[in-house]
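Novice: Enclosed is the structure file start.txt (compact mmCIF, C-alpha atoms).
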```txt
# COMPACT_ATOMS: atom_id res chain seq x y z
CA MET E 85 0.00 0.00 0.00
CA LYS E 86 2.80 2.43 0.83
CA ARG E 87 4.49 1.82 -2.48
CA ARG E 88 1.35 2.70 -4.32
CA SER E 89 0.97 5.98 -2.42
CA LEU E 90 3.61 7.75 -4.54
CA VAL E 91 1.81 6.59 -7.65
CA ALA E 92 -1.34 8.03 -6.14
CA VAL E 93 0.49 11.32 -5.65
CA LEU E 94 1.40 11.39 -9.31
CA ALA E 95 -2.12 10.53 -10.35
CA ALA E 96 -3.55 13.15 -8.02
CA GLY E 97 -1.23 15.74 -9.52
CA SER E 98 -2.65 14.98 -12.94
CA LEU E 99 -6.31 14.57 -11.97
CA VAL E 100 -6.81 17.37 -9.43
CA LEU E 101 -10.33 18.67 -9.90
CA ALA E 102 -12.04 21.54 -8.16
CA ALA E 103 -14.14 24.54 -8.80
CA CYS E 104 -14.57 27.96 -7.38
CA GLY E 105 -15.31 30.75 -8.95
CA ASP E 106 -14.99 40.09 -9.93
CA ASP E 107 -15.14 46.76 -12.90
CA ASP E 108 -13.51 49.49 -12.05
CA ASP E 109 -14.15 52.29 -14.49
CA THR E 110 -12.21 55.49 -14.11
CA ALA E 111 -14.26 58.59 -14.83
CA ASP E 112 -11.66 61.21 -15.66
CA GLU E 113 -13.53 62.06 -18.87
CA PRO E 114 -16.49 63.78 -17.16
CA SER E 115 -14.16 66.54 -16.04
CA GLU E 116 -13.38 67.10 -19.72
CA ASP E 117 -17.13 67.28 -20.45
CA THR E 118 -17.54 69.92 -17.75
CA THR E 119 -14.84 71.99 -19.36
CA ALA E 120 -16.58 71.68 -22.72
CA ASP E 121 -19.88 72.85 -21.23
CA THR E 122 -18.19 75.80 -19.52
CA GLU E 123 -16.64 76.89 -22.78
CA ALA E 124 -20.00 76.65 -24.48
CA GLU E 125 -21.57 78.90 -21.87
CA GLU E 126 -18.95 81.66 -22.09
CA PRO E 127 -20.63 83.40 -25.05
CA ALA E 128 -23.78 83.67 -22.91
CA GLU E 129 -21.78 85.71 -20.42
CA GLU E 130 -21.05 88.24 -23.16
CA THR E 131 -24.78 88.67 -23.88
CA PRO E 132 -25.16 91.74 -21.62
CA ASP E 133 -22.55 93.57 -23.72
CA THR E 134 -24.41 92.80 -26.93
CA THR E 135 -27.93 93.35 -25.65
CA MET E 136 -28.13 96.85 -27.17
CA ALA E 137 -27.66 95.26 -30.53
CA GLU E 138 -30.43 92.73 -30.20
CA GLU E 139 -29.53 90.80 -33.34
CA PRO E 140 -26.42 89.17 -31.81
CA ALA E 141 -28.57 88.17 -28.86
CA GLU E 142 -30.89 86.37 -31.24
CA GLU E 143 -27.91 84.38 -32.54
CA THR E 144 -27.04 83.08 -29.11
CA PRO E 145 -29.52 80.18 -29.25
CA GLU E 146 -28.09 79.21 -32.64
CA THR E 147 -24.60 79.21 -31.16
CA THR E 148 -25.81 77.06 -28.29
CA MET E 149 -27.46 74.64 -30.68
CA ALA E 150 -24.28 74.45 -32.72
CA GLU E 151 -22.42 73.38 -29.62
CA GLU E 152 -24.83 70.57 -28.78
CA PRO E 153 -22.36 67.95 -30.11
CA ALA E 154 -20.31 68.70 -27.00
CA GLU E 155 -23.10 66.99 -25.06
CA GLU E 156 -22.37 63.80 -27.02
CA THR E 157 -18.82 63.69 -25.68
CA PRO E 158 -19.67 61.02 -23.05
CA GLU E 159 -20.91 58.72 -25.83
CA THR E 160 -17.76 59.37 -27.84
CA THR E 161 -15.63 58.72 -24.75
CA MET E 162 -17.41 55.43 -24.06
CA ALA E 163 -16.81 54.32 -27.60
CA GLU E 164 -13.13 55.14 -27.30
CA GLY E 165 -12.98 53.24 -24.00
CA ASP E 166 -14.54 50.21 -25.62
CA MET E 167 -11.95 50.29 -28.37
CA GLU E 168 -9.11 50.16 -25.83
CA THR E 169 -9.99 46.55 -24.98
CA PRO E 170 -10.09 44.29 -28.06
CA GLU E 171 -13.28 42.40 -28.72
CA GLY E 172 -13.50 39.10 -26.87
CA TRP E 173 -11.06 40.04 -24.11
CA PRO E 174 -12.29 39.58 -20.52
CA GLU E 175 -12.72 42.57 -18.22
CA SER E 176 -10.17 41.14 -15.76
CA LEU E 177 -7.59 38.39 -15.35
CA VAL E 178 -6.19 36.46 -12.39
CA LEU E 179 -2.50 35.57 -12.15
CA THR E 180 -1.85 32.54 -9.95
CA LEU E 181 1.64 31.81 -8.67
CA THR E 182 3.24 28.64 -7.33
CA PRO E 183 3.99 28.91 -3.59
CA SER E 184 7.74 28.28 -3.74
CA GLN E 185 8.10 30.55 -0.71
CA GLU E 186 5.86 32.09 1.96
CA ALA E 187 2.57 32.92 0.23
CA GLY E 188 1.87 36.35 1.73
CA GLY E 189 5.29 37.68 0.81
CA LEU E 190 4.99 36.17 -2.66
CA VAL E 191 1.71 37.99 -3.37
CA GLU E 192 3.23 41.28 -2.19
CA THR E 193 6.28 40.77 -4.39
CA ALA E 194 4.07 39.85 -7.36
CA GLU E 195 1.93 43.00 -7.13
CA PRO E 196 4.25 45.08 -9.39
CA LEU E 197 4.04 42.30 -11.99
CA ALA E 198 0.24 42.38 -11.84
CA VAL E 199 0.30 46.18 -12.23
CA ALA E 200 2.67 45.93 -15.21
CA LEU E 201 0.35 43.43 -16.89
CA GLU E 202 -2.62 45.73 -16.22
CA GLU E 203 -0.84 48.64 -17.88
CA ALA E 204 0.25 46.56 -20.86
CA LEU E 205 -3.10 44.86 -21.43
CA GLY E 206 -5.50 47.60 -20.35
CA ILE E 207 -7.48 45.27 -18.07
CA ASP E 208 -7.43 44.49 -14.35
CA VAL E 209 -5.04 41.77 -13.16
CA GLU E 210 -5.14 40.24 -9.67
CA ALA E 211 -2.33 38.08 -8.22
CA ILE E 212 -3.15 35.11 -5.98
CA VAL E 213 -1.10 32.32 -4.39
CA PRO E 214 -2.85 29.02 -3.51
CA SER E 215 -1.79 27.06 -0.45
CA ASP E 216 -0.05 24.33 -2.43
CA TYR E 217 1.16 23.30 -5.89
CA ALA E 218 -2.06 21.45 -6.75
CA GLY E 219 -4.08 24.61 -6.08
CA VAL E 220 -2.42 26.36 -9.01
CA ILE E 221 -3.62 23.68 -11.42
CA VAL E 222 -7.08 23.71 -9.83
CA ALA E 223 -7.27 27.48 -10.41
CA LEU E 224 -6.52 26.97 -14.11
CA GLN E 225 -8.93 24.05 -14.45
CA SER E 226 -11.83 25.83 -12.77
CA GLY E 227 -11.37 29.16 -14.53
CA GLN E 228 -10.38 30.93 -11.30
CA ALA E 229 -7.09 31.96 -12.96
CA GLN E 230 -6.08 32.64 -16.56
CA ILE E 231 -2.32 33.16 -16.14
CA ALA E 232 -0.05 30.88 -14.10
CA GLY E 233 3.56 31.58 -13.19
CA GLY E 234 6.39 29.80 -11.45
CA LEU E 235 5.03 26.48 -12.68
CA GLY E 236 7.49 23.69 -12.00
CA PRO E 237 8.08 21.18 -14.80
CA SER E 238 5.51 18.71 -13.47
CA GLN E 239 3.01 21.56 -13.12
CA MET E 240 3.68 22.64 -16.70
CA VAL E 241 2.77 19.13 -17.83
CA GLN E 242 -0.36 19.11 -15.67
CA ALA E 243 -1.34 22.59 -16.88
CA ALA E 244 -1.20 21.41 -20.48
CA ASP E 245 -2.54 17.89 -20.06
CA THR E 246 -5.24 18.32 -17.41
CA ALA E 247 -6.14 22.04 -17.50
CA GLY E 248 -5.90 22.58 -21.27
CA ALA E 249 -3.48 25.48 -20.83
CA ASP E 250 -0.97 26.77 -23.37
CA LEU E 251 2.68 26.76 -22.25
CA ILE E 252 4.05 30.13 -23.33
CA LEU E 253 7.36 30.84 -21.60
CA GLN E 254 10.24 29.09 -19.85
CA SER E 255 12.46 30.67 -17.21
CA VAL E 256 16.16 31.33 -17.71
CA ARG E 257 18.63 31.31 -14.82
CA PHE E 258 22.36 31.76 -15.02
CA GLY E 259 22.00 31.73 -18.81
CA ASP E 260 20.36 28.30 -18.86
CA SER E 261 16.80 27.06 -19.34
CA GLN E 262 17.56 23.93 -17.29
CA TYR E 263 18.23 23.40 -13.60
CA VAL E 264 18.84 20.57 -11.11
CA THR E 265 17.69 19.16 -7.81
CA GLN E 266 20.40 19.84 -5.24
CA TRP E 267 20.95 17.45 -2.33
CA MET E 268 21.82 19.19 0.95
CA THR E 269 22.89 18.11 4.40
CA ASN E 270 23.87 19.43 7.83
CA ASP E 271 26.09 16.33 8.25
CA PRO E 272 28.90 16.69 5.69
CA ALA E 273 31.01 14.09 7.49
CA THR E 274 28.55 11.44 6.31
CA TYR E 275 27.68 12.70 2.82
CA CYS E 276 30.88 14.38 1.65
CA ALA E 277 33.70 12.23 0.30
CA ASP E 278 36.01 15.24 0.44
CA GLU E 279 36.38 18.46 2.39
CA PRO E 280 33.61 20.97 1.59
CA VAL E 281 34.75 23.83 -0.64
CA ASP E 282 33.57 27.42 -0.16
CA VAL E 283 32.33 29.05 -3.38
CA PRO E 284 30.96 32.47 -2.32
CA ASP E 285 27.86 33.77 -4.10
CA ASP E 286 27.73 37.10 -5.94
CA GLU E 287 27.23 38.96 -2.66
CA GLY E 288 30.21 37.26 -1.02
CA ASN E 289 28.20 34.91 1.20
CA SER E 290 29.91 31.59 1.97
CA MET E 291 28.38 28.62 0.14
CA LEU E 292 29.82 25.17 0.84
CA PHE E 293 29.84 22.32 -1.69
CA CYS E 294 31.45 18.90 -1.78
CA ASN E 295 31.79 15.81 -3.99
CA GLY E 296 32.77 17.98 -6.94
CA VAL E 297 29.61 20.09 -7.12
CA ASP E 298 31.82 23.15 -6.66
CA GLN E 299 33.39 22.42 -10.06
CA ALA E 300 30.11 22.19 -11.94
CA THR E 301 29.57 24.86 -14.60
CA GLY E 302 25.89 24.16 -15.30
CA PRO E 303 23.00 21.69 -15.05
CA SER E 304 24.38 19.56 -17.86
CA ASP E 305 27.20 18.52 -15.50
CA GLY E 306 24.71 16.54 -13.38
CA PRO E 307 24.26 14.03 -11.94
CA ILE E 308 26.90 14.54 -9.23
CA GLY E 309 27.29 12.80 -5.87
CA GLU E 310 24.66 10.14 -6.59
CA ASP E 311 26.94 7.53 -4.99
CA GLN E 312 26.08 9.14 -1.63
CA LEU E 313 22.32 8.54 -1.91
CA PRO E 314 22.37 5.02 -0.38
CA ASN E 315 23.43 6.75 2.87
CA VAL E 316 20.05 8.52 2.97
CA ALA E 317 18.27 5.32 4.05
CA GLY E 318 16.87 5.63 7.56
CA GLN E 319 17.18 9.43 7.64
CA THR E 320 14.60 12.21 7.79
CA VAL E 321 14.52 13.86 4.36
CA SER E 322 13.11 17.30 3.72
CA PHE E 323 11.18 17.50 0.44
CA VAL E 324 9.33 20.54 -0.93
CA ASP E 325 5.87 19.43 -2.07
CA GLN E 326 4.39 16.27 -3.52
CA GLY E 327 3.76 18.14 -6.77
CA SER E 328 7.27 19.56 -7.05
CA THR E 329 9.49 18.10 -9.77
CA SER E 330 12.86 19.07 -8.33
CA GLY E 331 11.53 19.02 -4.77
CA TYR E 332 10.09 15.49 -4.82
CA LEU E 333 9.69 13.58 -8.09
CA ILE E 334 13.27 13.77 -9.38
CA PRO E 335 14.87 13.03 -5.97
CA SER E 336 12.41 10.16 -5.41
CA LEU E 337 13.55 8.62 -8.67
CA GLY E 338 17.18 9.17 -7.63
CA LEU E 339 16.59 7.36 -4.35
CA LEU E 340 14.86 4.45 -6.06
CA GLU E 341 17.76 4.05 -8.48
CA ALA E 342 20.13 4.07 -5.46
CA GLY E 343 18.14 1.28 -3.83
CA VAL E 344 16.33 3.47 -1.31
CA ASP E 345 12.53 3.33 -1.25
CA PRO E 346 11.29 6.95 -0.90
CA ILE E 347 8.17 5.73 0.89
CA GLU E 348 9.35 3.03 3.28
CA ASP E 349 13.10 3.55 3.74
CA ILE E 350 13.10 7.17 4.93
CA GLU E 351 11.14 9.57 7.14
CA THR E 352 9.51 12.17 4.90
CA LEU E 353 9.07 15.84 5.73
CA PHE E 354 7.24 18.12 3.27
CA ALA E 355 8.47 21.65 4.01
CA GLY E 356 6.08 23.45 1.64
CA GLY E 357 8.66 25.57 -0.19
CA HIS E 358 12.23 25.38 -1.48
CA ASP E 359 13.44 27.96 1.02
CA LEU E 360 11.60 26.12 3.79
CA SER E 361 13.30 22.87 2.81
CA VAL E 362 16.67 24.60 3.22
CA GLN E 363 15.46 25.98 6.55
CA ALA E 364 14.53 22.48 7.74
CA ILE E 365 18.12 21.33 7.16
CA TYR E 366 19.50 24.44 8.86
CA ASP E 367 17.24 23.93 11.89
CA GLY E 368 18.06 20.24 12.16
CA ASP E 369 14.51 19.06 11.46
CA ALA E 370 15.95 16.84 8.74
CA THR E 371 19.46 15.52 8.09
CA VAL E 372 19.15 15.58 4.30
CA GLY E 373 16.97 17.66 2.02
CA VAL E 374 16.40 18.81 -1.54
CA SER E 375 15.61 22.04 -3.37
CA PHE E 376 16.39 23.71 -6.67
CA ASN E 377 19.92 25.06 -7.08
CA ASP E 378 20.79 27.21 -5.14
CA ALA E 379 17.80 27.90 -2.93
CA ARG E 380 20.09 28.73 0.00
CA GLY E 381 20.34 32.20 -1.50
CA GLN E 382 16.74 32.89 -0.49
CA LEU E 383 17.68 32.70 3.19
CA VAL E 384 20.98 34.59 3.40
CA GLU E 385 19.35 37.87 4.48
CA THR E 386 17.70 36.27 7.51
CA VAL E 387 20.17 33.41 8.07
CA PRO E 388 23.60 34.71 6.96
CA ASP E 389 25.46 31.47 7.76
CA VAL E 390 23.02 29.18 5.91
CA GLY E 391 25.62 28.43 3.22
CA GLU E 392 28.06 27.19 5.84
CA LYS E 393 25.70 25.00 7.85
CA VAL E 394 23.79 23.59 4.86
CA VAL E 395 26.23 21.87 2.52
CA VAL E 396 25.31 20.85 -1.04
CA PHE E 397 26.64 17.34 -1.69
CA GLY E 398 24.90 16.34 -4.92
CA TRP E 399 23.10 17.33 -8.12
CA SER E 400 20.53 15.50 -10.20
CA SER E 401 20.45 15.20 -13.98
CA PRO E 402 19.23 18.33 -15.84
CA ILE E 403 15.56 19.32 -15.52
CA PRO E 404 13.72 21.78 -17.80
CA ASN E 405 13.09 25.07 -16.00
CA ASP E 406 9.76 26.24 -14.66
CA GLY E 407 7.61 28.59 -16.71
CA PHE E 408 4.37 30.42 -17.45
CA ALA E 409 1.11 29.16 -18.93
CA VAL E 410 -2.17 30.78 -19.98
CA ALA E 411 -5.70 29.41 -20.13
CA GLY E 412 -6.30 27.69 -23.44
CA ASP E 413 -9.67 29.38 -24.03
CA LEU E 414 -8.29 32.93 -24.02
CA PRO E 415 -8.32 34.76 -27.39
CA ASP E 416 -5.13 34.16 -29.36
CA ASP E 417 -4.30 37.87 -29.55
CA LEU E 418 -4.62 38.12 -25.76
CA LYS E 419 -2.29 35.14 -25.28
CA THR E 420 0.26 36.89 -27.50
CA ALA E 421 -0.19 40.17 -25.62
CA ILE E 422 0.34 38.44 -22.26
CA THR E 423 3.45 36.68 -23.55
CA ASP E 424 4.91 39.91 -24.95
CA ALA E 425 4.11 41.80 -21.74
CA LEU E 426 5.83 39.21 -19.55
CA VAL E 427 8.96 39.17 -21.72
CA ALA E 428 9.12 42.98 -21.83
CA TYR E 429 8.67 43.24 -18.09
CA ALA E 430 11.41 40.69 -17.39
CA GLU E 431 13.73 42.70 -19.63
CA SER E 432 12.98 46.02 -17.91
CA GLU E 433 15.11 47.32 -15.03
CA ASP E 434 12.31 47.19 -12.46
CA GLY E 435 10.93 43.94 -13.83
CA ALA E 436 14.28 42.20 -13.58
CA VAL E 437 14.36 42.95 -9.86
CA VAL E 438 10.83 41.66 -9.28
CA MET E 439 11.32 38.49 -11.32
CA ASP E 440 14.49 37.75 -9.38
CA GLU E 441 12.68 38.24 -6.09
CA LEU E 442 9.80 36.03 -7.21
CA TYR E 443 11.65 33.00 -8.57
CA GLU E 444 15.24 34.14 -9.23
CA ILE E 445 14.35 34.44 -12.91
CA ASP E 446 16.94 36.11 -15.16
CA GLY E 447 14.83 36.05 -18.31
CA LEU E 448 12.01 34.36 -20.22
CA VAL E 449 12.15 32.46 -23.52
CA PRO E 450 9.58 30.56 -25.62
CA VAL E 451 9.04 26.95 -24.53
CA PRO E 452 11.02 24.61 -26.83
CA GLU E 453 8.96 21.93 -28.55
CA GLY E 454 8.92 18.75 -26.47
CA SER E 455 10.77 20.44 -23.60
CA TYR E 456 8.67 18.72 -20.93
CA ASP E 457 8.43 15.27 -22.48
CA ILE E 458 11.19 14.18 -20.10
CA ILE E 459 8.78 14.90 -17.23
CA ARG E 460 6.04 12.76 -18.75
CA ASN E 461 8.60 9.96 -19.09
CA LEU E 462 9.71 10.52 -15.48
CA GLU E 463 6.19 9.93 -14.16
CA THR E 464 5.90 6.76 -16.21
CA GLU E 465 9.28 5.53 -14.95
CA LEU E 466 8.38 6.22 -11.34
CA SER E 467 5.13 4.34 -11.71
CA ASP E 468 6.94 1.35 -13.22
CA LEU E 469 9.57 1.30 -10.45
CA LEU E 470 6.97 1.49 -7.69
CA GLY E 471 4.81 -1.20 -9.27
```
What would you get if you wrote out this structure as structure tokens?
Specialist:
Amino acid sequence: MKRRSLVAVLAAGSLVLAACGDDDDTADEPSEDTTADTEAEEPAEETPDTTMAEEPAEETPETTMAEEPAEETPETTMAEGDMETPEGWPESLVLTLTPSQEAGGLVETAEPLAVALEEALGIDVEAIVPSDYAGVIVALQSGQAQIAGGLGPSQMVQAADTAGADLILQSVRFGDSQYVTQWMTNDPATYCADEPVDVPDDEGNSMLFCNGVDQATGPSDGPIGEDQLPNVAGQTVSFVDQGSTSGYLIPSLGLLEAGVDPIEDIETLFAGGHDLSVQAIYDGDATVGVSFNDARGQLVETVPDVGEKVVVFGWSSPIPNDGFAVAGDLPDDLKTAITDALVAYAESEDGAVVMDELYEIDGLVPVPEGSYDIIRNLETELSDLLG
């Protein structure tokens, strides 16, 4: 029964079903109408001066009638307002984000992105963060959200296969559209075959690696340190979420291939976020844990010595990066507009800061054809291994 539970997790990730299910018109134009009316009335103020010559006074009504079109300005303004939003576009959109970190802070960080999308599209955009990975897919399936960001590889597959979404963009980090699962520990004596090496990050914070991970130049250098995985048996392991590719599925496959059953041979802890998985290792709640590379950077402001106490001892094989998807039933021109707006924002100075704070994204590129087929194969392989 326990062996089948991981298969159930995979099935649940693909078959999550739920349902749940908001116009803010600015009225700056009326002030323009008032100005127009005032201007139309100014000739009437001159009437006393022209009263002695009664003929001009008789022309005043004609002048007023000639200016009647000014009263139609509201109708003209409404028509112009309608033209700003292309036909078939919704009045508002919801952007849902994967909770890779604390949800409240993520929503706050995402607000500038929502505002940028509003300005680019001309319609309201609200940012939300569900409580777990599955909630993001549910939001797409049920129509609660039309744009999804920070979707891990497994979520990208679920978004396309079970929610009918279009995969529009893939994240770029460190110049690469791939990443890895990193294996971490607070017990380097057990999991490091050599002395940990300090490779400071861009801000000069100490970051310890062992087993040759320090020499890696990119995801394609993985896997590294997989010979240490048999030592994980009997330990408490910090994972991210059952729906996380790098935070659960890939490392589960790595354990199985090392002869360690990820259901029966270890104690499992689901931290709920990549930064929280790192925190669990730092706090000693788990001896070993996983996250994307290098999630330790998300904690250095609050835990400056995290890179010294949490040592990275292994990397998985390359995994396609996370990305963005849009609801499949949106108009094609809106999908294109959303895609262009996201790319432009990521390339802007302010946008680059926000995207880095959200998911450490350096840029966005179109999703390569077949990019996530490896994930579909992964789920099949896991199911076969678990029986």
Novice: Within 9 Å of stretch 340-343 of chain E, counting only C-alpha atoms, which residues qualify if same-chain residues fewer than 4 places away don't, as an NGL selection string?
Specialist: :E and (310-314 or 317 or 335-336 or 466 or 469-470)
Novice: When distances are computed from all atoms listed in the file, which of E:Ile347, E:Val209, E:Leu177, E:Met268 shows the smallest separation from E:Gly368?
Specialist: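 Once distances to E:Gly368 are computed over all atoms listed in the file, the minimum belongs to E:Met268.
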Novice: With 3 Å on each side, where is the centre of the axis-aligned box around all listed atoms of stretch 449-468 of chain E, and how long are its edges in Å to one decimal, as JSON?
Specialist:
```
{"center_x": 8.6, "center_y": 16.9, "center_z": -19.9, "size_x": 13.0, "size_y": 37.1, "size_z": 23.2}
```
Novice: Might you pull out every residue within 8 Å of stretch 172-175 of chain E, with all atoms listed in the file counted and same-chain residues fewer than 5 positions away left off, and present them as number ranges by chain?
Specialist: E: 107, 207-208, 414-415, 418
Novice: Produce a file of the selected residues containing C-alpha atoms, as a PDB file, keeping the file's coordinate frame.
Specialist:
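Writing the result to out_12.pdb gives the following:
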```pdb
ATOM      1  CA  ASP E 107     -15.140  46.760 -12.900  1.00  0.00           C
ATOM      2  CA  ILE E 207      -7.480  45.270 -18.070  1.00  0.00           C
ATOM      3  CA  ASP E 208      -7.430  44.490 -14.350  1.00  0.00           C
ATOM      4  CA  LEU E 414      -8.290  32.930 -24.020  1.00  0.00           C
ATOM      5  CA  PRO E 415      -8.320  34.760 -27.390  1.00  0.00           C
ATOM      6  CA  LEU E 418      -4.620  38.120 -25.760  1.00  0.00           C
TER       7      LEU E 418
END
```
Novice: Measuring between all atoms listed in the file, which one of E:Pro303, E:Glu444, E:Val178, E:Thr329 shows the shortest distance to E:Ser261?
Specialist: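 Using all atoms listed in the file, E:Ser261 sits closest to E:Pro303.
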Novice: Counting only C-alpha atoms, write as a short mmCIF file (atom, residue, chain, number, x, y, z; two decimals) with C-alpha atoms, in the coordinates of the input all protein and nucleic acid residues lying at most 8 Å from (4.5, 40.9, -12.8) in the file's frame.
Specialist:
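Full text of out.cif as output:
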```cif
data_model
loop_
_atom_site.label_atom_id
_atom_site.label_comp_id
_atom_site.auth_asym_id
_atom_site.auth_seq_id
_atom_site.Cartn_x
_atom_site.Cartn_y
_atom_site.Cartn_z
CA ALA E 194 4.07 39.85 -7.36
CA GLU E 195 1.93 43.00 -7.13
CA PRO E 196 4.25 45.08 -9.39
CA LEU E 197 4.04 42.30 -11.99
CA ALA E 198 0.24 42.38 -11.84
CA VAL E 199 0.30 46.18 -12.23
CA ALA E 200 2.67 45.93 -15.21
CA LEU E 201 0.35 43.43 -16.89
CA LEU E 426 5.83 39.21 -19.55
CA TYR E 429 8.67 43.24 -18.09
CA GLY E 435 10.93 43.94 -13.83
CA VAL E 438 10.83 41.66 -9.28
CA MET E 439 11.32 38.49 -11.32
#
```
Novice: So which residues touch E:Gln363 within 9 Å, counting only C-alpha atoms, skipping near sequence neighbours fewer than 3 positions away, as a list in words?
Specialist: Ala355, His358, Asp359, Leu360, Tyr366, Asp367, Gly368, Asp369, Arg380, Leu383, Val387, Val390 and Val394 of chain E
Novice: Return the single residue from E:Val451, E:Val283, E:Leu179, E:Ile422 that is closest to E:Ala300, with distances computed using only C-alpha atoms.
Specialist: E:Val283
Novice: What does the distance from atom CA of E:Ala409 to atom CA of E:Ala249 come to in Å, to one decimal?
Specialist: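 Calculated distance between atom CA of E:Ala409 and atom CA of E:Ala249 is 6.2 Å.
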Novice: If I take atom CA of E:Glu392 and atom CA of E:Val321, how far is one from the other in Å, to one decimal?
Specialist: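 For atom CA of E:Glu392 relative to atom CA of E:Val321, the distance reads 19.1 Å.
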Novice: Give as a PDB file with C-alpha atoms, in the coordinates of the input every residue, naming chains and numbers as the document does, that has an atom within 7 Å of (9.0, 23.0, -17.7), counting all atoms listed in the file.
Specialist:
```pdb
ATOM      1  CA  GLY E 236       7.490  23.690 -12.000  1.00  0.00           C
ATOM      2  CA  PRO E 237       8.080  21.180 -14.800  1.00  0.00           C
ATOM      3  CA  SER E 238       5.510  18.710 -13.470  1.00  0.00           C
ATOM      4  CA  MET E 240       3.680  22.640 -16.700  1.00  0.00           C
ATOM      5  CA  GLN E 254      10.240  29.090 -19.850  1.00  0.00           C
ATOM      6  CA  PRO E 404      13.720  21.780 -17.800  1.00  0.00           C
ATOM      7  CA  ASN E 405      13.090  25.070 -16.000  1.00  0.00           C
ATOM      8  CA  ASP E 406       9.760  26.240 -14.660  1.00  0.00           C
ATOM      9  CA  GLY E 407       7.610  28.590 -16.710  1.00  0.00           C
ATOM     10  CA  SER E 455      10.770  20.440 -23.600  1.00  0.00           C
ATOM     11  CA  TYR E 456       8.670  18.720 -20.930  1.00  0.00           C
TER      12      TYR E 456
END
```
Novice: Between E:Thr371, E:Thr265, E:Gln230, E:Asn461, which is the closest to E:Leu251 once you count all atoms listed in the file?
Specialist: E:Gln230
Novice: When you draw a straight line from atom CA of E:Ile252 to atom CA of E:Phe323, how long is it in Å?
Specialist: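 For atom CA of E:Ile252 relative to atom CA of E:Phe323, the distance reads 27.8 Å.
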Novice: E:Asp389: which residues within 9 Å, counting all atoms listed in the file, same-chain residues fewer than 3 positions away excluded, as JSON, numbers by chain?
Specialist: {"E": [289, 290, 291, 384, 392, 393, 394]}
Novice: Check the smallest atom-to-atom distance from each of E:Trp399, E:Thr420, E:Gly356, E:Trp267 to E:Gly327 using all atoms listed in the file, then report the winner.
Specialist: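 Of all the options, E:Gly356 lies closest to E:Gly327.
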Novice: Find, counting all atoms listed in the file, the residue in E:Ser176, E:Ser400, E:Ser328, E:Asn270 that gets nearest to E:Gln242.
Specialist: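 Ranked by minimum distance to E:Gln242, first place goes to E:Ser328.
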Novice: Name the residues in contact with E:Glu279 at a cut-off of 9 Å, using only C-alpha atoms, excluding same-chain residues fewer than 6 positions from it; report them as a list in words.
Specialist: Pro272, Ala273, Phe293, Cys294 and Asn295 of chain E
Novice: How about completing stretch 339-350 of chain E with N, CA and C atoms and giving it to me as a compact mmCIF listing (two decimals), keeping the file's coordinate frame?
Specialist:
```txt
# COMPACT_ATOMS: atom_id res chain seq x y z
N LEU E 339 16.51 8.28 -5.47
CA LEU E 339 16.59 7.36 -4.35
C LEU E 339 16.27 5.94 -4.78
N LEU E 340 15.22 5.79 -5.58
CA LEU E 340 14.86 4.45 -6.06
C LEU E 340 16.00 3.81 -6.83
N GLU E 341 16.64 4.59 -7.68
CA GLU E 341 17.76 4.05 -8.48
C GLU E 341 18.96 3.74 -7.61
N ALA E 342 19.03 4.35 -6.40
CA ALA E 342 20.13 4.07 -5.46
C ALA E 342 19.75 2.96 -4.50
N GLY E 343 18.57 2.38 -4.68
CA GLY E 343 18.14 1.28 -3.83
C GLY E 343 17.46 1.71 -2.55
N VAL E 344 17.02 2.96 -2.50
CA VAL E 344 16.33 3.47 -1.31
C VAL E 344 14.88 3.77 -1.66
N ASP E 345 13.94 3.10 -0.99
CA ASP E 345 12.53 3.33 -1.25
C ASP E 345 12.11 4.66 -0.63
N PRO E 346 11.63 5.63 -1.44
CA PRO E 346 11.29 6.95 -0.90
C PRO E 346 10.03 6.96 -0.04
N ILE E 347 9.35 5.82 0.05
CA ILE E 347 8.17 5.73 0.89
C ILE E 347 8.49 5.01 2.20
N GLU E 348 9.16 3.87 2.10
CA GLU E 348 9.35 3.03 3.28
C GLU E 348 10.71 3.15 3.95
N ASP E 349 11.74 3.57 3.21
CA ASP E 349 13.10 3.55 3.74
C ASP E 349 13.55 4.85 4.39
N ILE E 350 12.72 5.89 4.34
CA ILE E 350 13.10 7.17 4.93
C ILE E 350 11.90 7.78 5.67
```
